[in-house]
Amino acid sequence: MAASVTLDKALEIFGKLSGQDQDMMLEIARKRRIESWREEVAAYGRKAVRDSRSGKLKAIGGPELKTYLKKLWEESDA
């Protein structure tokens, strides 16, 4: 089981690194976050394709989409 690290502890350790190592760590973290985001988007896309094929999603036109989104927006303000 991996040890749990708090954000404060991670920042403390980060602050002890050399400037060059901090730059390298930032670049690595940025690339890992991008890859994680890509995986999240791909998973969402795969689910959308499955839902579409199973009939859970239906195609709608622009006006219907606009009405639906407006309704969601108004409900979120309530």
# chains A, B, ... in the order shown; residues from 1 in each chain; ligands from 1

call {"tool": "select_by_dssp", "arguments": {"residues": "segment 4-76 of chain A", "states": "alpha helix (DSSP H)", "output": "PyMOL selection string"}}
result
chain A and resi 7-15+19-54+62-76

call {"tool": "residues_around", "arguments": {"residues": "Ala10 of chain A", "least_positions_apart": "6", "cutoff": "12 Å", "atoms": "only C-alpha atoms", "output": "number ranges by chain"}}
result
A: 4, 16-17, 22, 25

call {"tool": "write_last_selection", "arguments": {"atoms": "C-alpha atoms", "output": "PDB file, in the first residue's frame"}}
result
ATOM      1  CA  SER A   4      -0.370   8.883   1.736  1.00  0.00           C
ATOM      2  CA  LYS A  16      13.870  21.279  -1.219  1.00  0.00           C
ATOM      3  CA  LEU A  17      14.639  20.313  -4.821  1.00  0.00           C
ATOM      4  CA  GLN A  22      11.687  21.533  -9.795  1.00  0.00           C
ATOM      5  CA  MET A  25       9.104  17.757 -11.868  1.00  0.00           C
TER       6      MET A  25
END
